[in-house]
Every structure is written in structure tokens, then in C-alpha cells.
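final.txt follows (compact mmCIF, C-alpha atoms):
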```txt
# COMPACT_ATOMS: atom_id res chain seq x y z
CA MET A 1 -24.70 414.44 69.94
CA SER A 2 -21.42 414.42 71.88
CA ARG A 3 -19.54 411.23 72.53
CA GLN A 4 -19.80 409.52 75.91
CA ARG A 5 -17.25 410.82 78.41
CA LYS A 6 -14.87 408.52 80.30
CA VAL A 7 -11.98 408.99 82.67
CA PHE A 8 -9.45 406.16 82.80
CA ILE A 9 -7.42 406.00 86.00
CA LEU A 10 -4.17 404.10 85.45
CA SER A 11 -1.60 403.00 88.00
CA ASP A 12 1.33 400.61 88.26
CA SER A 13 0.03 399.81 91.76
CA VAL A 14 -3.49 399.62 93.22
CA GLY A 15 -4.46 403.05 91.93
CA GLU A 16 -5.89 404.47 95.14
CA THR A 17 -3.81 407.67 94.95
CA ALA A 18 -4.93 408.45 91.41
CA ASP A 19 -8.50 407.55 92.30
CA HIS A 20 -8.51 410.00 95.24
CA VAL A 21 -7.08 412.81 93.13
CA VAL A 22 -9.55 412.25 90.29
CA ASN A 23 -12.47 412.14 92.72
CA ALA A 24 -11.30 415.35 94.39
CA VAL A 25 -11.15 417.12 91.02
CA SER A 26 -14.38 415.64 89.65
CA SER A 27 -16.24 416.83 92.75
CA GLN A 28 -15.76 420.37 91.41
CA PHE A 29 -17.74 419.52 88.28
CA THR A 30 -21.06 418.03 87.31
CA THR A 31 -19.96 414.55 86.28
CA ASP A 32 -23.24 412.65 86.17
CA ASN A 33 -22.59 411.68 82.55
CA VAL A 34 -18.95 410.71 83.05
CA GLU A 35 -17.82 407.14 83.68
CA PHE A 36 -14.72 406.40 85.73
CA HIS A 37 -12.62 403.29 85.10
CA ARG A 38 -9.73 402.36 87.35
CA VAL A 39 -7.02 400.22 85.72
CA PRO A 40 -4.54 399.01 88.37
CA TYR A 41 -1.26 397.12 88.02
CA VAL A 42 -0.23 398.48 84.63
CA TYR A 43 3.06 396.67 84.07
CA ALA A 44 3.31 396.35 80.28
CA THR A 45 2.74 398.32 77.08
CA GLU A 46 -0.03 395.86 76.22
CA ASP A 47 -1.99 397.12 79.23
CA ILE A 48 -1.61 400.68 77.96
CA GLU A 49 -2.61 399.75 74.39
CA GLN A 50 -5.84 398.22 75.64
CA VAL A 51 -6.73 401.45 77.44
CA ILE A 52 -5.73 403.60 74.45
CA ARG A 53 -7.99 401.58 72.15
CA GLU A 54 -10.98 401.95 74.45
CA ALA A 55 -10.31 405.58 75.31
CA GLY A 56 -10.17 406.44 71.60
CA GLN A 57 -13.82 405.45 71.23
CA TYR A 58 -15.00 408.07 73.71
CA GLN A 59 -14.35 411.64 74.81
CA SER A 60 -11.73 410.57 77.31
CA ILE A 61 -9.13 411.63 79.82
CA ILE A 62 -6.39 409.35 81.09
CA ALA A 63 -5.17 410.21 84.58
CA TYR A 64 -2.24 408.17 85.77
CA THR A 65 0.25 407.51 88.55
CA ILE A 66 2.94 405.51 86.79
CA VAL A 67 6.53 405.86 88.01
CA ILE A 68 8.22 403.40 85.64
CA ASP A 69 9.83 405.72 83.09
CA GLU A 70 9.48 403.44 80.06
CA LEU A 71 5.75 402.93 80.62
CA LYS A 72 5.15 406.59 81.36
CA GLN A 73 6.90 407.67 78.15
CA TYR A 74 5.03 405.08 76.13
CA LEU A 75 1.69 406.22 77.52
CA ASP A 76 2.45 409.90 76.84
CA GLN A 77 3.52 409.10 73.27
CA ARG A 78 0.51 406.92 72.44
CA ALA A 79 -1.96 409.33 74.02
CA ALA A 80 -0.50 412.20 71.98
CA GLU A 81 -0.68 410.13 68.78
CA GLU A 82 -4.36 409.35 69.39
CA ASN A 83 -5.13 412.90 70.54
CA ILE A 84 -6.20 411.72 74.00
CA LYS A 85 -5.61 413.96 77.00
CA ALA A 86 -3.24 412.17 79.43
CA VAL A 87 -2.45 413.71 82.81
CA ASP A 88 0.57 412.66 84.86
CA LEU A 89 -0.48 413.15 88.49
CA LEU A 90 2.91 412.47 90.09
CA SER A 91 5.71 413.92 87.95
CA PRO A 92 5.29 417.63 88.88
CA LEU A 93 5.53 416.85 92.59
CA ILE A 94 8.31 414.31 92.09
CA SER A 95 10.29 416.95 90.18
CA ALA A 96 9.68 419.50 92.95
CA PHE A 97 10.95 417.06 95.58
CA SER A 98 13.98 416.18 93.49
CA GLU A 99 14.93 419.80 92.74
CA SER A 100 14.28 421.14 96.23
CA PHE A 101 15.80 418.35 98.28
CA GLY A 102 18.50 417.14 95.89
CA LYS A 103 17.22 413.56 95.91
CA LEU A 104 16.49 411.24 93.02
CA PRO A 105 13.20 409.27 93.05
CA GLY A 106 13.34 405.50 93.29
CA HIS A 107 10.81 404.98 90.46
CA GLU A 108 9.48 401.96 92.32
CA PRO A 109 5.75 401.27 91.95
CA GLY A 110 3.53 400.52 94.93
CA MET A 111 5.65 402.25 97.57
CA MET A 112 2.63 403.75 99.35
CA ARG A 113 1.00 400.33 99.54
CA LYS A 114 4.24 398.86 100.88
CA LEU A 115 4.38 401.56 103.56
CA ASP A 116 0.77 400.85 104.52
CA GLU A 117 1.39 397.11 104.65
CA ASP A 118 4.49 397.63 106.76
CA TYR A 119 2.54 399.80 109.19
CA PHE A 120 -0.24 397.25 109.57
CA ARG A 121 2.27 394.43 110.05
CA LYS A 122 3.76 396.40 112.93
CA VAL A 123 0.35 397.06 114.47
CA ALA A 124 -0.55 393.37 114.18
CA ALA A 125 2.74 392.37 115.81
CA VAL A 126 2.21 394.78 118.71
CA GLU A 127 -1.33 393.51 119.24
CA PHE A 128 0.00 389.95 119.18
CA ALA A 129 2.65 390.76 121.81
CA VAL A 130 0.01 392.27 124.10
CA LYS A 131 -2.42 389.38 123.66
CA TYR A 132 0.17 386.66 124.26
CA ASP A 133 2.20 388.40 126.93
CA ASP A 134 3.14 386.47 130.08
CA ALA A 135 1.49 383.20 128.95
CA GLN A 136 -2.01 384.74 128.99
CA ASP A 137 -3.02 382.44 126.14
CA PRO A 138 -0.78 379.45 125.30
CA ARG A 139 -2.41 379.15 121.87
CA GLY A 140 -0.20 382.02 120.77
CA ILE A 141 2.94 379.90 121.19
CA LEU A 142 2.49 378.00 117.96
CA LYS A 143 1.37 381.11 116.08
CA ALA A 144 4.38 383.21 117.08
CA ASP A 145 7.44 384.04 115.03
CA LEU A 146 9.37 383.82 118.28
CA VAL A 147 8.74 382.71 121.87
CA ILE A 148 10.81 384.19 124.69
CA ILE A 149 11.13 382.24 127.94
CA GLY A 150 12.80 383.04 131.24
CA VAL A 151 12.22 383.79 134.90
CA SER A 152 10.51 386.95 136.10
CA ARG A 153 12.38 390.25 135.54
CA THR A 154 14.51 389.16 132.61
CA SER A 155 12.86 391.79 130.36
CA LYS A 156 10.62 389.38 128.44
CA THR A 157 7.78 391.87 127.96
CA PRO A 158 9.94 394.87 126.94
CA LEU A 159 11.78 392.60 124.52
CA SER A 160 8.51 391.33 123.07
CA MET A 161 7.29 394.88 122.46
CA TYR A 162 10.60 396.01 121.00
CA LEU A 163 10.68 393.06 118.60
CA ALA A 164 7.02 393.68 117.74
CA HIS A 165 8.05 397.08 116.42
CA LYS A 166 10.47 395.16 114.21
CA ARG A 167 7.44 393.24 112.87
CA PHE A 168 8.08 390.03 114.84
CA LYS A 169 5.05 388.35 116.42
CA VAL A 170 6.38 387.43 119.85
CA ALA A 171 4.88 385.51 122.76
CA ASN A 172 6.63 385.26 126.10
CA ILE A 173 6.38 382.60 128.80
CA PRO A 174 7.49 383.04 132.42
CA LEU A 175 9.22 380.02 133.92
CA VAL A 176 7.99 379.44 137.47
CA PRO A 177 8.75 376.21 139.40
CA GLU A 178 5.18 375.88 140.69
CA ILE A 179 3.59 376.29 137.23
CA PRO A 180 4.30 373.71 134.53
CA PRO A 181 5.04 375.38 131.17
CA PRO A 182 2.44 374.95 128.41
CA GLU A 183 2.84 371.76 126.40
CA GLU A 184 2.88 373.86 123.23
CA LEU A 185 6.30 375.13 124.28
CA PHE A 186 7.83 371.71 123.68
CA GLN A 187 6.29 371.47 120.23
CA LEU A 188 8.23 374.48 118.98
CA PRO A 189 11.17 374.19 116.60
CA ARG A 190 14.26 375.17 118.60
CA ASN A 191 14.94 378.11 116.28
CA LYS A 192 11.62 379.75 117.22
CA CYS A 193 12.41 380.00 120.93
CA VAL A 194 14.98 381.95 122.95
CA GLY A 195 15.78 381.39 126.60
CA LEU A 196 16.88 384.34 128.73
CA VAL A 197 19.26 383.76 131.62
CA ILE A 198 20.72 386.15 134.18
CA THR A 199 23.18 386.00 137.06
CA PRO A 200 21.67 385.52 140.54
CA ASP A 201 23.27 388.73 141.84
CA LYS A 202 21.87 390.85 139.02
CA LEU A 203 18.41 389.33 139.35
CA ASN A 204 18.48 389.86 143.12
CA GLU A 205 19.32 393.53 142.57
CA ILE A 206 16.57 394.00 139.93
CA ARG A 207 13.92 392.32 142.05
CA LYS A 208 14.77 394.38 145.13
CA GLU A 209 14.34 397.54 143.09
CA ARG A 210 11.07 396.23 141.75
CA LEU A 211 9.78 395.62 145.28
CA LYS A 212 10.74 399.16 146.28
CA THR A 213 8.73 400.65 143.43
CA MET A 214 5.76 398.54 144.56
CA GLY A 215 6.14 399.73 148.15
CA LEU A 216 7.03 396.25 149.43
CA THR A 217 9.90 395.12 151.65
CA SER A 218 13.02 393.60 150.13
CA GLY A 219 12.56 390.63 152.48
CA SER A 220 9.85 389.22 150.24
CA THR A 221 10.40 385.67 148.98
CA TYR A 222 10.39 387.12 145.45
CA ALA A 223 13.82 388.69 146.00
CA LYS A 224 15.37 386.12 148.31
CA TYR A 225 18.58 384.60 147.01
CA GLU A 226 17.50 381.03 147.67
CA ARG A 227 14.28 381.54 145.70
CA ILE A 228 16.19 383.10 142.84
CA LEU A 229 18.59 380.15 142.67
CA GLU A 230 15.64 377.75 142.67
CA GLU A 231 13.95 379.59 139.80
CA LEU A 232 17.13 379.84 137.73
CA GLU A 233 17.84 376.15 138.18
CA TYR A 234 14.30 375.27 137.11
CA ALA A 235 14.50 377.59 134.09
CA ASP A 236 17.81 376.05 133.08
CA LYS A 237 16.23 372.59 132.98
CA ILE A 238 13.35 373.79 130.80
CA ILE A 239 15.65 375.66 128.41
CA LYS A 240 17.91 372.61 128.06
CA ARG A 241 14.91 370.38 127.44
CA ILE A 242 13.79 372.63 124.59
CA GLY A 243 17.34 373.01 123.30
CA CYS A 244 16.82 376.61 122.23
CA PRO A 245 19.44 379.37 121.97
CA VAL A 246 20.29 381.09 125.28
CA ILE A 247 21.10 384.74 125.89
CA ASN A 248 22.52 386.15 129.12
CA VAL A 249 20.77 389.46 129.73
CA SER A 250 22.64 390.37 132.93
CA ASN A 251 24.33 393.47 131.53
CA LYS A 252 22.46 394.05 128.29
CA ALA A 253 20.01 396.77 127.34
CA VAL A 254 16.74 395.68 125.75
CA GLU A 255 17.84 396.99 122.34
CA GLU A 256 21.12 395.07 122.55
CA THR A 257 19.38 391.85 123.53
CA ALA A 258 16.79 392.27 120.76
CA HIS A 259 19.51 392.75 118.16
CA TYR A 260 21.33 389.72 119.47
CA ILE A 261 18.13 387.65 119.36
CA ILE A 262 17.61 388.55 115.70
CA GLU A 263 21.20 387.63 114.88
CA VAL A 264 20.98 384.34 116.79
CA LEU A 265 17.80 383.40 114.96
CA LYS A 266 19.41 384.15 111.60
CA ILE A 267 22.26 381.82 112.48
CA GLU A 268 19.94 379.10 113.80
CA ARG A 269 17.64 379.26 110.78
CA SER A 270 20.54 378.97 108.36
CA GLN A 271 21.63 375.63 109.85
```

Give the structure from this file in C-alpha cells form.
Amino acid sequence: MSRQRKVFILSDSVGETADHVVNAVSSQFTTDNVEFHRVPYVYATEDIEQVIREAGQYQSIIAYTIVIDELKQYLDQRAAEENIKAVDLLSPLISAFSESFGKLPGHEPGMMRKLDEDYFRKVAAVEFAVKYDDAQDPRGILKADLVIIGVSRTSKTPLSMYLAHKRFKVANIPLVPEIPPPEELFQLPRNKCVGLVITPDKLNEIRKERLKTMGLTSGSTYAKYERILEELEYADKIIKRIGCPVINVSNKAVEETAHYIIEVLKIERSQ
């Protein structure tokens, strides 16, 4: 009677890659009498020894995605000594990449998981920026990495989205004289808020262009100089009350302002 068959799937990360490859291969065979064991987070020779001991009791295969050279060499050596078939799932492709593209691998475990986590952090940040845009829900203020405040047309929303792609969860609050700002705004640490200011002339120009694109006349109160001065004065009082950093966006692109915001926050948080 033949020994029980087992496939051990080892990884120095979660092991999903190895698991997918083994499943793809096993689907080509009748494997009803084969057991599959995933062993993630193999960081030490002791982890390998435990698998070697168990694998030696069965008709076994060890399939692995281990990029740490010392562990990989140890596993290959011990598997050979115990006459256990060990299959390196990554090295042939890593070698092909290295030879063809003239690049050396980083040999850092868990890179795919890190890429996935980074992607999902970005998605979460973008969703956050959309949900808490333009003070739609003041509850987002205290959950945000950063809150941007300023009068209308100071690029709060584009900035929020740009910073979201940098993995910052950003809420933005328009400052309008007739609408008191949410109380949560005054509960923020000053280093989690940035006030945007702009010259009256530049804001007047931007608002007139905005009215044109909307098919409205430039005589609207929205673009009148007196109204702009009133709004800027009100915003200045709120920003001073909070005591947050201030950035003049009059002649700055969104990317430039975003970079400056990140640098300002680094300085503020180090104090």
C-alpha cells in the first residue's frame, strides 16, 4: 500500500501565489487522495525543519515561493538530504527577468501583498475624498488624515483627489460667511488642517471663468469683488481661529500645492 500523498506549500509571505500555481497544476491530475498544506510566513530554518519532518512521513512534494536566499538554500539542501521533491516556483522566472532586463531582484518577501495593500489604501483614500468632499458629512473631519479649508474655487476638491492618490484620507470644507463651519473643525489638531488663501484678483478671474462655463453672466454675486473680499475676510478669521498652516494658491498648480501641503505637514508634525 502506497504512502499517503501530501503537497506542502511554503512561502515567506501569505502563500497565495504558490497556492494558485499548485492548484493550477493539480487541476490537471486526479488529486482526490492528495492533501494540500499551506505553510505561510516561513522566516526561520526551524519552520523548514518542521515541514521536512512531516513531509518525510509521506509521499510528499514541497512547492515554495521563498525569496530569502539563505532559507531557499537551506530548504533545497534539507529536501535533497531527505529525498523529498522540492520545487522552487519563482527562481526560473526571477532569473529570466534578471538576465533579460539586466536587473537584480530585491529578494524581499511579501512584495505582492504590499502592492495589493498599497492599491487598496489608495482606493480607500479616493472613496474617502469623494464621501467627505465639500462638507457633505462633517463626521469625516475627525477621521481624516488632513482637512482642507478655504473659499470656493481654491482647488479644494482637486487637491483632495490628488492627495488621495498619495494615500492621504482628505476631507475638505468650504468656508462661506452664511454657513457656520462644523464644530468638528475646531477639534482638529492644527497639524491636520490646511487653510487655502488666494488673492482677490485671482479669485475674481477664476470665478468669472467658472460662470462662463456654466453659461451664467459675470455679474453674478458669486464673482463680484465685494463678495470675494467678504468671503476672504471671513475665511481668514476661521483659519486664524484654528491656527493651521496657510498656503497661498494664487499661482500654484494643484500638484505644486499638494507637494507643499505634504512638506508643511511634515514640518508641523515634527514640532

Point to revise | Residue with smallest distance to Glu205 in chain A - pool A:Thr257, A:Ser250, A:Gln187, A:Ser11, counting all atoms listed in the file | key: A:Ser250

Write out as a PDB file with C-alpha atoms, in the frame of the given file which residues come within 9 Å of Thr157 in chain A when counting only C-alpha atoms, dropping same-chain ones fewer than 6 positions away.
```pdb
ATOM      1  CA  ALA A 129       2.650 390.760 121.810  1.00  0.00           C
ATOM      2  CA  VAL A 130       0.010 392.270 124.100  1.00  0.00           C
ATOM      3  CA  ASP A 133       2.200 388.400 126.930  1.00  0.00           C
ATOM      4  CA  ASP A 134       3.140 386.470 130.080  1.00  0.00           C
ATOM      5  CA  ILE A 148      10.810 384.190 124.690  1.00  0.00           C
ATOM      6  CA  ALA A 171       4.880 385.510 122.760  1.00  0.00           C
ATOM      7  CA  ASN A 172       6.630 385.260 126.100  1.00  0.00           C
TER       8      ASN A 172
END
```

Review point. Using all atoms listed in the file, what residues lie at most 12 Å away from (-5.9, 410.7, 74.4) (file coordinates), given as JSON, numbers by chain?
Key: {"A": [6, 7, 8, 48, 49, 51, 52, 53, 54, 55, 56, 57, 58, 59, 60, 61, 62, 63, 75, 76, 77, 78, 79, 80, 81, 82, 83, 84, 85, 86, 87]}

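CA of Tyr74 in chain A is found 7.2 Å from CA of Thr45 in chain A.
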
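We find CA of Glu256 in chain A and CA of Ile239 in chain A to be spaced 21.0 Å apart.
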
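Nearest residue to Asp88 in chain A, choosing from A:Ala124, A:Leu10, A:Tyr222, A:Phe29 and counting all atoms listed in the file: A:Leu10.
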
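The space separating CA of Ser220 in chain A from CA of Lys208 in chain A comes to 8.8 Å.
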
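Comparing A:Ala164, A:Ile247, A:Val176, A:Cys193 by their smallest distance to Ile141 in chain A, the closest is A:Cys193 (using all atoms listed in the file).
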
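Nearest to Thr154 in chain A of all the residues A:Ser98, A:Thr65, A:Asn248, A:Gln136 is A:Asn248, based on only C-alpha atoms.
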
Point to revise | All residues 8 Å or closer to Arg153 in chain A, all atoms listed in the file, same chain fewer than 2 positions away omitted, as an MDAnalysis selection string | key: chainID A and resid 151 155:156 203 206:207

Practice item. Tell me, as a list in words, which residues lie within 12 Å of Leu90 in chain A, counting all atoms listed in the file; anything in the same chain fewer than 6 positions away does not count. Key: Leu10, Ser11, Thr17, Ala18, Val21, Ala63, Tyr64, Thr65, Ile66, Val67, Ile68, Asp69, Lys72, Ala96, Phe97, Pro105, His107 and Pro109 of chain A
